[in-house]
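*Asks:* My structure is in run.cif, and what it holds is mmCIF, C-alpha atoms:
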```cif
data_coords
loop_
_atom_site.group_PDB
_atom_site.id
_atom_site.type_symbol
_atom_site.label_atom_id
_atom_site.label_comp_id
_atom_site.auth_asym_id
_atom_site.auth_seq_id
_atom_site.Cartn_x
_atom_site.Cartn_y
_atom_site.Cartn_z
ATOM 1 C CA PRO Q 824 5.232 12.860 10.145
ATOM 2 C CA PRO Q 825 1.991 10.966 9.514
ATOM 3 C CA PHE Q 826 1.929 11.276 5.758
ATOM 4 C CA ALA Q 827 5.595 10.533 5.234
ATOM 5 C CA SER Q 828 4.870 6.945 6.257
ATOM 6 C CA THR Q 829 1.769 6.288 4.173
ATOM 7 C CA CYS Q 830 1.211 3.778 1.419
ATOM 8 C CA CYS Q 831 -0.546 6.230 -0.854
ATOM 9 C CA GLY Q 832 1.530 5.985 -4.015
ATOM 10 C CA ALA Q 833 4.520 8.082 -2.976
ATOM 11 C CA SER Q 834 7.939 6.547 -3.262
ATOM 12 C CA SER Q 835 7.927 6.143 0.506
ATOM 13 C CA ARG Q 836 5.199 3.581 -0.038
ATOM 14 C CA MET Q 837 7.596 0.969 -1.315
ATOM 15 C CA ARG Q 838 10.094 1.476 1.454
ATOM 16 C CA LEU Q 839 7.257 1.202 3.956
ATOM 17 C CA VAL Q 840 6.106 -2.066 2.408
ATOM 18 C CA ALA Q 841 9.523 -3.572 3.005
ATOM 19 C CA VAL Q 842 9.718 -2.301 6.586
ATOM 20 C CA VAL Q 843 6.177 -3.194 7.568
ATOM 21 C CA LEU Q 844 6.230 -6.654 6.114
ATOM 22 C CA ILE Q 845 9.419 -7.632 7.881
ATOM 23 C CA SER Q 846 8.341 -6.282 11.246
ATOM 24 C CA CYS Q 847 6.009 -7.379 14.017
ATOM 25 C CA VAL Q 848 3.949 -4.256 13.625
ATOM 26 C CA GLN Q 849 0.450 -2.952 14.074
ATOM 27 C CA VAL Q 850 -0.634 -0.683 11.261
ATOM 28 C CA SER Q 851 -3.896 1.254 11.594
ATOM 29 C CA PHE Q 852 -5.369 3.205 8.689
ATOM 30 C CA ALA Q 853 -7.689 5.847 10.037
ATOM 31 C CA TRP Q 854 -9.983 7.164 7.401
ATOM 32 C CA ASN Q 855 -12.520 5.590 4.998
ATOM 33 C CA SER Q 856 -11.116 2.099 5.389
ATOM 34 C CA GLY Q 857 -8.792 0.540 7.890
ATOM 35 C CA VAL Q 858 -7.136 -2.746 8.662
ATOM 36 C CA THR Q 859 -4.767 -3.805 11.372
ATOM 37 C CA ALA Q 860 -2.395 -6.640 10.558
ATOM 38 C CA PHE Q 861 0.198 -8.426 12.658
ATOM 39 C CA TYR Q 862 3.195 -9.908 10.894
ATOM 40 C CA ARG Q 863 5.847 -12.361 11.990
ATOM 41 C CA PRO Q 864 9.186 -10.964 10.749
ATOM 42 C CA LEU Q 865 11.236 -12.633 8.068
ATOM 43 C CA PRO Q 866 14.254 -14.108 9.879
ATOM 44 C CA THR Q 867 16.996 -13.072 7.477
ATOM 45 C CA ILE Q 868 16.355 -9.336 7.307
ATOM 46 C CA SER Q 869 17.299 -6.710 9.866
ATOM 47 C CA ARG Q 870 14.109 -5.587 11.534
ATOM 48 C CA GLY Q 871 12.899 -2.041 12.114
ATOM 49 C CA ARG Q 872 9.839 -1.222 14.188
ATOM 50 C CA ILE Q 873 6.849 0.971 13.512
ATOM 51 C CA SER Q 874 4.295 1.069 16.312
ATOM 52 C CA GLU Q 875 1.440 2.797 14.536
ATOM 53 C CA ILE Q 876 0.783 4.697 11.324
ATOM 54 C CA ARG Q 877 -2.246 6.938 10.844
ATOM 55 C CA PRO Q 878 -2.280 8.461 7.356
ATOM 56 C CA VAL Q 879 -5.188 10.879 7.003
ATOM 57 C CA LEU Q 880 -5.396 13.394 4.179
ATOM 58 C CA PRO Q 881 -7.751 14.771 1.559
ATOM 59 C CA LEU Q 882 -6.701 14.259 -2.048
ATOM 60 C CA THR Q 883 -7.186 17.883 -3.050
ATOM 61 C CA SER Q 884 -6.173 19.645 0.150
ATOM 62 C CA ALA Q 885 -3.965 18.967 3.138
ATOM 63 C CA ARG Q 886 -5.261 21.772 5.322
ATOM 64 C CA HIS Q 887 -7.463 19.454 7.405
ATOM 65 C CA LEU Q 888 -4.637 17.019 8.096
ATOM 66 C CA GLY Q 889 -4.089 17.798 11.776
ATOM 67 C CA LYS Q 890 -7.763 17.785 12.770
ATOM 68 C CA LEU Q 891 -8.612 14.586 10.916
ATOM 69 C CA SER Q 892 -5.496 12.791 12.074
ATOM 70 C CA CYS Q 893 -6.668 13.130 15.665
ATOM 71 C CA SER Q 894 -10.447 12.830 15.477
ATOM 72 C CA MET Q 895 -10.774 10.080 12.883
ATOM 73 C CA ALA Q 896 -7.926 8.011 14.291
ATOM 74 C CA GLU Q 897 -9.535 8.192 17.724
ATOM 75 C CA SER Q 898 -12.919 7.112 16.340
ATOM 76 C CA VAL Q 899 -11.382 4.091 14.618
ATOM 77 C CA GLU Q 900 -9.456 3.178 17.763
ATOM 78 C CA ALA Q 901 -12.678 3.324 19.784
ATOM 79 C CA ALA Q 902 -14.665 1.297 17.255
ATOM 80 C CA THR Q 903 -12.108 -1.497 17.037
ATOM 81 C CA ALA Q 904 -10.934 -1.567 20.662
ATOM 82 C CA PRO Q 905 -13.436 -4.241 21.841
ATOM 83 C CA ASN Q 906 -12.134 -6.650 19.177
ATOM 84 C CA LYS Q 907 -8.406 -6.202 19.712
ATOM 85 C CA GLN Q 908 -8.032 -9.589 21.331
ATOM 86 C CA LYS Q 909 -9.982 -11.348 18.569
ATOM 87 C CA ARG Q 910 -7.110 -11.687 16.136
ATOM 88 C CA ASN Q 911 -7.446 -14.593 13.740
ATOM 89 C CA LYS Q 912 -4.185 -16.244 12.797
ATOM 90 C CA LEU Q 913 -3.958 -17.008 9.081
ATOM 91 C CA LEU Q 914 -2.147 -20.157 7.931
ATOM 92 C CA ALA Q 915 0.188 -18.267 5.612
ATOM 93 C CA LYS Q 916 3.518 -16.501 5.779
ATOM 94 C CA PRO Q 917 5.448 -13.964 3.684
ATOM 95 C CA VAL Q 918 8.355 -15.563 1.866
ATOM 96 C CA GLY Q 919 9.545 -12.871 -0.517
ATOM 97 C CA ILE Q 920 9.225 -9.145 -1.218
ATOM 98 C CA GLY Q 921 10.008 -6.808 -4.108
ATOM 99 C CA CYS Q 922 9.578 -3.177 -5.131
ATOM 100 C CA ALA Q 923 9.873 -0.894 -8.129
ATOM 101 C CA ALA Q 924 9.803 2.856 -8.658
ATOM 102 C CA PRO Q 925 10.142 5.054 -11.743
ATOM 103 C CA SER Q 926 13.595 6.367 -12.547
ATOM 104 C CA ALA Q 927 12.353 9.960 -12.867
ATOM 105 C CA ILE Q 928 12.522 11.867 -9.582
ATOM 106 C CA ILE Q 929 11.031 15.256 -8.725
ATOM 107 C CA SER Q 930 12.797 16.809 -5.736
ATOM 108 C CA ASN Q 931 11.401 19.467 -3.450
ATOM 109 C CA LYS Q 932 13.688 21.950 -5.200
ATOM 110 C CA ASP Q 933 12.052 20.975 -8.491
ATOM 111 C CA MET Q 934 8.645 21.562 -6.914
ATOM 112 C CA GLU Q 935 9.666 25.163 -6.219
ATOM 113 C CA ASP Q 936 9.541 25.730 -9.994
ATOM 114 C CA ILE Q 937 6.051 24.230 -10.257
ATOM 115 C CA VAL Q 938 4.123 25.790 -7.360
ATOM 116 C CA ASP Q 939 4.656 28.377 -4.641
ATOM 117 C CA THR Q 940 6.446 26.158 -2.137
ATOM 118 C CA SER Q 941 9.870 25.397 -0.708
ATOM 119 C CA ASP Q 942 11.894 22.444 0.449
ATOM 120 C CA GLU Q 943 11.574 23.653 4.044
ATOM 121 C CA TRP Q 944 7.771 24.029 3.760
ATOM 122 C CA ILE Q 945 7.349 20.500 2.393
ATOM 123 C CA VAL Q 946 9.791 18.748 4.723
ATOM 124 C CA THR Q 947 8.492 20.327 7.919
ATOM 125 C CA ARG Q 948 4.894 19.419 7.056
ATOM 126 C CA THR Q 949 5.327 16.001 5.438
ATOM 127 C CA GLY Q 950 8.886 14.730 5.820
ATOM 128 C CA ILE Q 951 9.008 14.181 2.042
ATOM 129 C CA GLY Q 952 12.195 15.122 0.170
ATOM 130 C CA SER Q 953 11.393 13.789 -3.318
ATOM 131 C CA ARG Q 954 8.914 11.652 -5.221
ATOM 132 C CA HIS Q 955 9.267 9.138 -8.089
ATOM 133 C CA ILE Q 956 7.087 9.966 -11.094
ATOM 134 C CA LEU Q 957 6.180 8.032 -14.243
ATOM 135 C CA ASP Q 958 7.443 10.119 -17.151
ATOM 136 C CA GLY Q 959 6.030 8.131 -20.081
ATOM 137 C CA SER Q 960 9.037 5.864 -20.580
ATOM 138 C CA GLU Q 961 7.344 3.108 -18.554
ATOM 139 C CA THR Q 962 3.868 2.294 -17.234
ATOM 140 C CA LEU Q 963 2.421 1.358 -13.892
ATOM 141 C CA ARG Q 964 2.102 -2.186 -15.203
ATOM 142 C CA ASP Q 965 5.849 -2.217 -15.851
ATOM 143 C CA LEU Q 966 6.402 -1.362 -12.185
ATOM 144 C CA GLN Q 967 3.954 -4.038 -11.071
ATOM 145 C CA VAL Q 968 5.691 -6.678 -13.163
ATOM 146 C CA ARG Q 969 9.157 -5.641 -11.961
ATOM 147 C CA ALA Q 970 8.114 -5.716 -8.315
ATOM 148 C CA GLY Q 971 6.328 -9.048 -8.793
ATOM 149 C CA LYS Q 972 9.312 -10.707 -10.470
ATOM 150 C CA GLN Q 973 11.616 -9.415 -7.763
ATOM 151 C CA ALA Q 974 9.346 -10.835 -5.037
ATOM 152 C CA LEU Q 975 9.206 -14.194 -6.815
ATOM 153 C CA GLU Q 976 12.988 -14.321 -7.126
ATOM 154 C CA ASP Q 977 13.345 -13.375 -3.466
ATOM 155 C CA SER Q 978 10.894 -16.094 -2.416
ATOM 156 C CA GLY Q 979 12.285 -18.964 -4.444
ATOM 157 C CA VAL Q 980 8.741 -19.831 -5.547
ATOM 158 C CA ALA Q 981 8.443 -20.602 -9.249
ATOM 159 C CA PRO Q 982 5.909 -18.489 -11.180
ATOM 160 C CA GLU Q 983 4.079 -21.673 -12.206
ATOM 161 C CA GLU Q 984 3.477 -22.414 -8.520
ATOM 162 C CA ILE Q 985 1.540 -19.183 -7.919
ATOM 163 C CA ASP Q 986 -2.194 -19.816 -7.471
ATOM 164 C CA LEU Q 987 -3.371 -16.220 -6.990
ATOM 165 C CA VAL Q 988 -2.193 -12.830 -8.247
ATOM 166 C CA LEU Q 989 -3.865 -9.903 -6.508
ATOM 167 C CA VAL Q 990 -3.147 -6.291 -7.483
ATOM 168 C CA ALA Q 991 -4.202 -3.588 -5.023
ATOM 169 C CA THR Q 992 -4.462 -0.284 -6.885
ATOM 170 C CA SER Q 993 -6.656 2.776 -7.203
ATOM 171 C CA SER Q 994 -5.096 3.820 -10.513
ATOM 172 C CA PRO Q 995 -4.896 0.786 -12.830
ATOM 173 C CA GLU Q 996 -3.688 1.032 -16.399
ATOM 174 C CA ASP Q 997 -6.921 -0.678 -17.502
ATOM 175 C CA MET Q 998 -10.359 -0.039 -16.010
ATOM 176 C CA PHE Q 999 -11.003 -3.789 -16.260
ATOM 177 C CA GLY Q 1000 -7.973 -4.460 -14.056
ATOM 178 C CA ASP Q 1001 -4.242 -5.106 -14.267
ATOM 179 C CA ALA Q 1002 -3.873 -8.377 -12.361
ATOM 180 C CA PRO Q 1003 -4.493 -10.827 -15.260
ATOM 181 C CA TYR Q 1004 -1.915 -9.001 -17.397
ATOM 182 C CA VAL Q 1005 0.596 -9.022 -14.548
ATOM 183 C CA ALA Q 1006 -0.003 -12.729 -13.890
ATOM 184 C CA ALA Q 1007 0.795 -13.527 -17.526
ATOM 185 C CA ALA Q 1008 3.830 -11.218 -17.567
ATOM 186 C CA VAL Q 1009 5.449 -12.813 -14.504
ATOM 187 C CA GLY Q 1010 4.715 -16.337 -15.765
ATOM 188 C CA ALA Q 1011 1.984 -17.254 -13.258
ATOM 189 C CA LYS Q 1012 0.092 -19.174 -15.935
ATOM 190 C CA HIS Q 1013 -1.883 -21.326 -13.478
ATOM 191 C CA ALA Q 1014 -3.097 -18.447 -11.293
ATOM 192 C CA PHE Q 1015 -6.426 -16.699 -11.096
ATOM 193 C CA ALA Q 1016 -6.027 -12.931 -10.836
ATOM 194 C CA PHE Q 1017 -8.054 -9.877 -9.859
ATOM 195 C CA ASP Q 1018 -7.679 -6.261 -8.742
ATOM 196 C CA LEU Q 1019 -8.672 -4.841 -5.376
ATOM 197 C CA THR Q 1020 -9.369 -1.139 -4.781
ATOM 198 C CA ALA Q 1021 -9.108 0.234 -1.246
ATOM 199 C CA ALA Q 1022 -6.832 3.278 -1.598
ATOM 200 C CA CYS Q 1023 -4.053 3.380 1.005
ATOM 201 C CA SER Q 1024 -5.446 0.374 2.833
ATOM 202 C CA GLY Q 1025 -5.396 -1.680 -0.365
ATOM 203 C CA PHE Q 1026 -2.154 -3.569 0.150
ATOM 204 C CA LEU Q 1027 -3.068 -4.633 3.673
ATOM 205 C CA PHE Q 1028 -6.563 -5.649 2.580
ATOM 206 C CA GLY Q 1029 -4.862 -7.586 -0.221
ATOM 207 C CA ILE Q 1030 -2.551 -9.389 2.209
ATOM 208 C CA VAL Q 1031 -5.491 -10.391 4.420
ATOM 209 C CA THR Q 1032 -7.553 -11.495 1.403
ATOM 210 C CA ALA Q 1033 -4.719 -13.599 0.016
ATOM 211 C CA GLY Q 1034 -4.050 -15.014 3.465
ATOM 212 C CA GLN Q 1035 -7.644 -16.176 3.735
ATOM 213 C CA TYR Q 1036 -7.458 -17.937 0.368
ATOM 214 C CA LEU Q 1037 -4.283 -19.697 1.482
ATOM 215 C CA SER Q 1038 -5.779 -20.587 4.865
ATOM 216 C CA SER Q 1039 -8.714 -22.276 3.139
ATOM 217 C CA GLY Q 1040 -6.455 -25.129 2.104
ATOM 218 C CA GLY Q 1041 -7.269 -24.859 -1.579
ATOM 219 C CA TYR Q 1042 -4.266 -22.733 -2.570
ATOM 220 C CA ARG Q 1043 -0.569 -22.756 -1.691
ATOM 221 C CA ASN Q 1044 1.044 -19.575 -3.035
ATOM 222 C CA ALA Q 1045 -0.096 -16.014 -3.743
ATOM 223 C CA LEU Q 1046 1.520 -12.907 -5.201
ATOM 224 C CA VAL Q 1047 0.141 -9.631 -3.815
ATOM 225 C CA ILE Q 1048 1.123 -6.337 -5.444
ATOM 226 C CA GLY Q 1049 0.324 -2.819 -4.285
ATOM 227 C CA ALA Q 1050 0.823 -0.124 -6.921
ATOM 228 C CA ASP Q 1051 -0.392 3.357 -7.784
ATOM 229 C CA ALA Q 1052 0.354 6.160 -10.232
ATOM 230 C CA LEU Q 1053 -1.326 9.024 -8.414
ATOM 231 C CA SER Q 1054 0.814 11.644 -10.120
ATOM 232 C CA ARG Q 1055 -1.611 11.307 -13.041
ATOM 233 C CA TRP Q 1056 -4.525 12.477 -10.925
ATOM 234 C CA VAL Q 1057 -3.294 15.223 -8.613
ATOM 235 C CA ASP Q 1058 -3.821 18.920 -9.274
ATOM 236 C CA TRP Q 1059 -0.308 20.152 -9.999
ATOM 237 C CA ASP Q 1060 -1.430 23.719 -9.300
ATOM 238 C CA ASP Q 1061 -2.445 22.870 -5.729
ATOM 239 C CA ARG Q 1062 0.628 23.015 -3.524
ATOM 240 C CA ASN Q 1063 -1.271 21.428 -0.619
ATOM 241 C CA SER Q 1064 -1.648 18.114 -2.431
ATOM 242 C CA CYS Q 1065 0.703 17.856 -5.404
ATOM 243 C CA VAL Q 1066 3.773 17.643 -3.176
ATOM 244 C CA LEU Q 1067 2.417 14.524 -1.469
ATOM 245 C CA PHE Q 1068 2.025 11.954 -4.205
ATOM 246 C CA GLY Q 1069 4.288 9.824 -6.369
ATOM 247 C CA ASP Q 1070 4.257 6.503 -8.205
ATOM 248 C CA GLY Q 1071 5.549 3.040 -7.327
ATOM 249 C CA ALA Q 1072 4.840 -0.631 -6.702
ATOM 250 C CA GLY Q 1073 5.585 -3.147 -3.965
ATOM 251 C CA ALA Q 1074 5.007 -6.902 -3.939
ATOM 252 C CA MET Q 1075 4.938 -9.870 -1.591
ATOM 253 C CA VAL Q 1076 4.774 -13.619 -2.109
ATOM 254 C CA LEU Q 1077 2.769 -15.496 0.523
ATOM 255 C CA SER Q 1078 2.842 -19.257 1.037
ATOM 256 C CA ALA Q 1079 0.432 -21.472 2.952
ATOM 257 C CA VAL Q 1080 1.655 -23.318 6.049
ATOM 258 C CA ASP Q 1081 0.183 -26.410 7.679
ATOM 259 C CA ASP Q 1082 1.539 -25.780 11.175
ATOM 260 C CA PRO Q 1083 -0.083 -22.795 12.974
ATOM 261 C CA GLU Q 1084 3.228 -22.208 14.738
ATOM 262 C CA GLN Q 1085 4.782 -21.417 11.352
ATOM 263 C CA ALA Q 1086 2.135 -18.829 10.457
ATOM 264 C CA GLY Q 1087 3.510 -15.423 9.537
ATOM 265 C CA LEU Q 1088 0.183 -13.566 9.483
ATOM 266 C CA LEU Q 1089 -0.519 -13.552 13.194
ATOM 267 C CA GLY Q 1090 -3.909 -11.865 12.986
ATOM 268 C CA PHE Q 1091 -5.922 -8.953 11.667
ATOM 269 C CA GLN Q 1092 -8.682 -6.458 12.400
ATOM 270 C CA MET Q 1093 -10.709 -4.838 9.649
ATOM 271 C CA HIS Q 1094 -12.849 -1.728 9.861
ATOM 272 C CA SER Q 1095 -14.317 0.828 7.452
ATOM 273 C CA ASP Q 1096 -15.785 4.253 8.179
ATOM 274 C CA GLY Q 1097 -17.358 5.995 5.197
ATOM 275 C CA SER Q 1098 -18.200 9.125 7.188
ATOM 276 C CA GLY Q 1099 -14.887 10.645 6.103
ATOM 277 C CA TYR Q 1100 -15.680 10.299 2.396
ATOM 278 C CA GLN Q 1101 -15.681 14.049 1.735
ATOM 279 C CA CYS Q 1102 -12.093 14.309 2.932
ATOM 280 C CA LEU Q 1103 -10.616 11.801 0.477
ATOM 281 C CA LYS Q 1104 -12.297 11.302 -2.885
ATOM 282 C CA LEU Q 1105 -11.634 11.237 -6.600
ATOM 283 C CA PRO Q 1106 -15.056 10.934 -8.297
ATOM 284 C CA TYR Q 1107 -15.562 10.449 -12.022
ATOM 285 C CA ALA Q 1108 -16.603 13.521 -13.961
ATOM 286 C CA GLY Q 1109 -20.143 13.490 -15.371
#
```
Take the structure from the file and write it as structure tokens.
*Replies:*
Amino acid sequence: PPFASTCCGASSRMRLVAVVLISCVQVSFAWNSGVTAFYRPLPTISRGRISEIRPVLPLTSARHLGKLSCSMAESVEAATAPNKQKRNKLLAKPVGIGCAAPSAIISNKDMEDIVDTSDEWIVTRTGIGSRHILDGSETLRDLQVRAGKQALEDSGVAPEEIDLVLVATSSPEDMFGDAPYVAAAVGAKHAFAFDLTAACSGFLFGIVTAGQYLSSGGYRNALVIGADALSRWVDWDDRNSCVLFGDGAGAMVLSAVDDPEQAGLLGFQMHSDGSGYQCLKLPYAG
């Protein structure tokens, strides 16, 4: 199902990160913002394939899911079609990945005690069986740091060799951003760090942004982390939306390459369409 594969904070997000980043895959996000990225697979990991993912949902209601999934995805496809052959290879490649999720899990059976729903209702509409939730024993930053350290260990790149730490999140622990804290916590003491907010497209935008820094020739290694704690923001009385979201973090280390034939980011397309704003929003009160 469309939503079961999204990167919107649910525990499936982290599994998707691992699958997408090790696959030659085109991923299209079809609502307010979208990016298509093409990855060269890591050679040592068994590869799955995902041809296309179109997550489209409102934060407070899922009742428009079917209509938006078709109409908005088609509009994005039409808008980007003329540029599909204009993919710019980035002189960077993924060299390590990591992920982290809270230990607390809320199953669909647990959700039956919270709202008027059932395991069958949730699974048939979303494919989701459970979600990881922060329960107060750890923070989103803890997940970011864990995922980042795991990606660094997987890559073999020393923390001191990281030039950029980029955190893609729509729910940071600090309004001023989490990336500088994360950089210090993982030992990337020579890196500059900043947050990027682009909802479910955030991690892919982050990968492209980091890839461009590395392609410039001024930087060699980057740590990109995608993380969200959307359980803090959903309406737990709304069965249409509360069943969809969870918390987690995924990370990737990217390294610059000098030979274009060694590039692992084979190209990208970027597109944004703000006309769907009313379908996915979380405005500040007041």
*Asks:* Please provide the set of residues having any atom within 8 Å of Val1066 of chain Q, restricted to all atoms listed in the file, with same-chain residues fewer than 6 positions apart removed, written as a PDB file with C-alpha atoms, in the coordinates of the input.
*Replies:*
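So the final result, stored in around14.pdb, reads:
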```
ATOM      1  CA  ASN Q 931      11.401  19.467  -3.450  1.00  0.00           C
ATOM      2  CA  MET Q 934       8.645  21.562  -6.914  1.00  0.00           C
ATOM      3  CA  ILE Q 945       7.349  20.500   2.393  1.00  0.00           C
TER       4      ILE Q 945
END
```
*Asks:* Figure out the distance between atom CA of Phe1028 of chain Q and atom CA of His1013 of chain Q, please, to one decimal in Å.
*Replies:*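 Atom CA of Phe1028 of chain Q lies at a distance of 22.9 Å from atom CA of His1013 of chain Q.
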*Asks:* Please compute the atom CA of Ala1007 of chain Q-atom CA of Val1047 of chain Q distance, one decimal, in Å.
*Replies:*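 Atom-to-atom, atom CA of Ala1007 of chain Q and atom CA of Val1047 of chain Q are spaced 14.3 Å apart.
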*Asks:* Kindly indicate which residue among Q:Leu914, Q:Leu1077, Q:Ala1072, Q:Ala1052 lies nearest to Leu957 of chain Q, using only C-alpha atoms for the distances.
*Replies:*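 Among the listed residues, the smallest separation from Leu957 of chain Q belongs to Q:Ala1052.
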*Asks:* Residues near Glu983 of chain Q, anyone? I mean within 10 Å using all atoms listed in the file, not counting same-chain ones fewer than 2 positions away, as a PDB file with C-alpha atoms, in the frame of the given file.
*Replies:*
```
ATOM      1  CA  VAL Q 980       8.741 -19.831  -5.547  1.00  0.00           C
ATOM      2  CA  ALA Q 981       8.443 -20.602  -9.249  1.00  0.00           C
ATOM      3  CA  ILE Q 985       1.540 -19.183  -7.919  1.00  0.00           C
ATOM      4  CA  ASP Q 986      -2.194 -19.816  -7.471  1.00  0.00           C
ATOM      5  CA  ALA Q1006      -0.003 -12.729 -13.890  1.00  0.00           C
ATOM      6  CA  VAL Q1009       5.449 -12.813 -14.504  1.00  0.00           C
ATOM      7  CA  GLY Q1010       4.715 -16.337 -15.765  1.00  0.00           C
ATOM      8  CA  ALA Q1011       1.984 -17.254 -13.258  1.00  0.00           C
ATOM      9  CA  LYS Q1012       0.092 -19.174 -15.935  1.00  0.00           C
ATOM     10  CA  HIS Q1013      -1.883 -21.326 -13.478  1.00  0.00           C
ATOM     11  CA  ALA Q1014      -3.097 -18.447 -11.293  1.00  0.00           C
ATOM     12  CA  ASN Q1044       1.044 -19.575  -3.035  1.00  0.00           C
TER      13      ASN Q1044
END
```
*Asks:* For Ile1030 of chain Q, which residue out of Q:Gly1000, Q:Val938, Q:Glu1084, Q:Val990 is the nearest one, using all atoms listed in the file?
*Replies:*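 Using all atoms listed in the file, the shortest distance to Ile1030 of chain Q belongs to Q:Val990.
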*Asks:* Just to confirm, what's the straight-line distance from atom CA of Trp944 of chain Q to atom CA of Cys1065 of chain Q in Å (one decimal)?
*Replies:*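 Separation between atom CA of Trp944 of chain Q and atom CA of Cys1065 of chain Q: 13.1 Å.
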*Asks:* From the options Q:Gly1029, Q:Gly1069, Q:Pro1003, Q:Pro1083, which residue's atoms come nearest to Ile951 of chain Q, counting all atoms listed in the file?
*Replies:*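 Selected residue with least distance to Ile951 of chain Q: Q:Gly1069.
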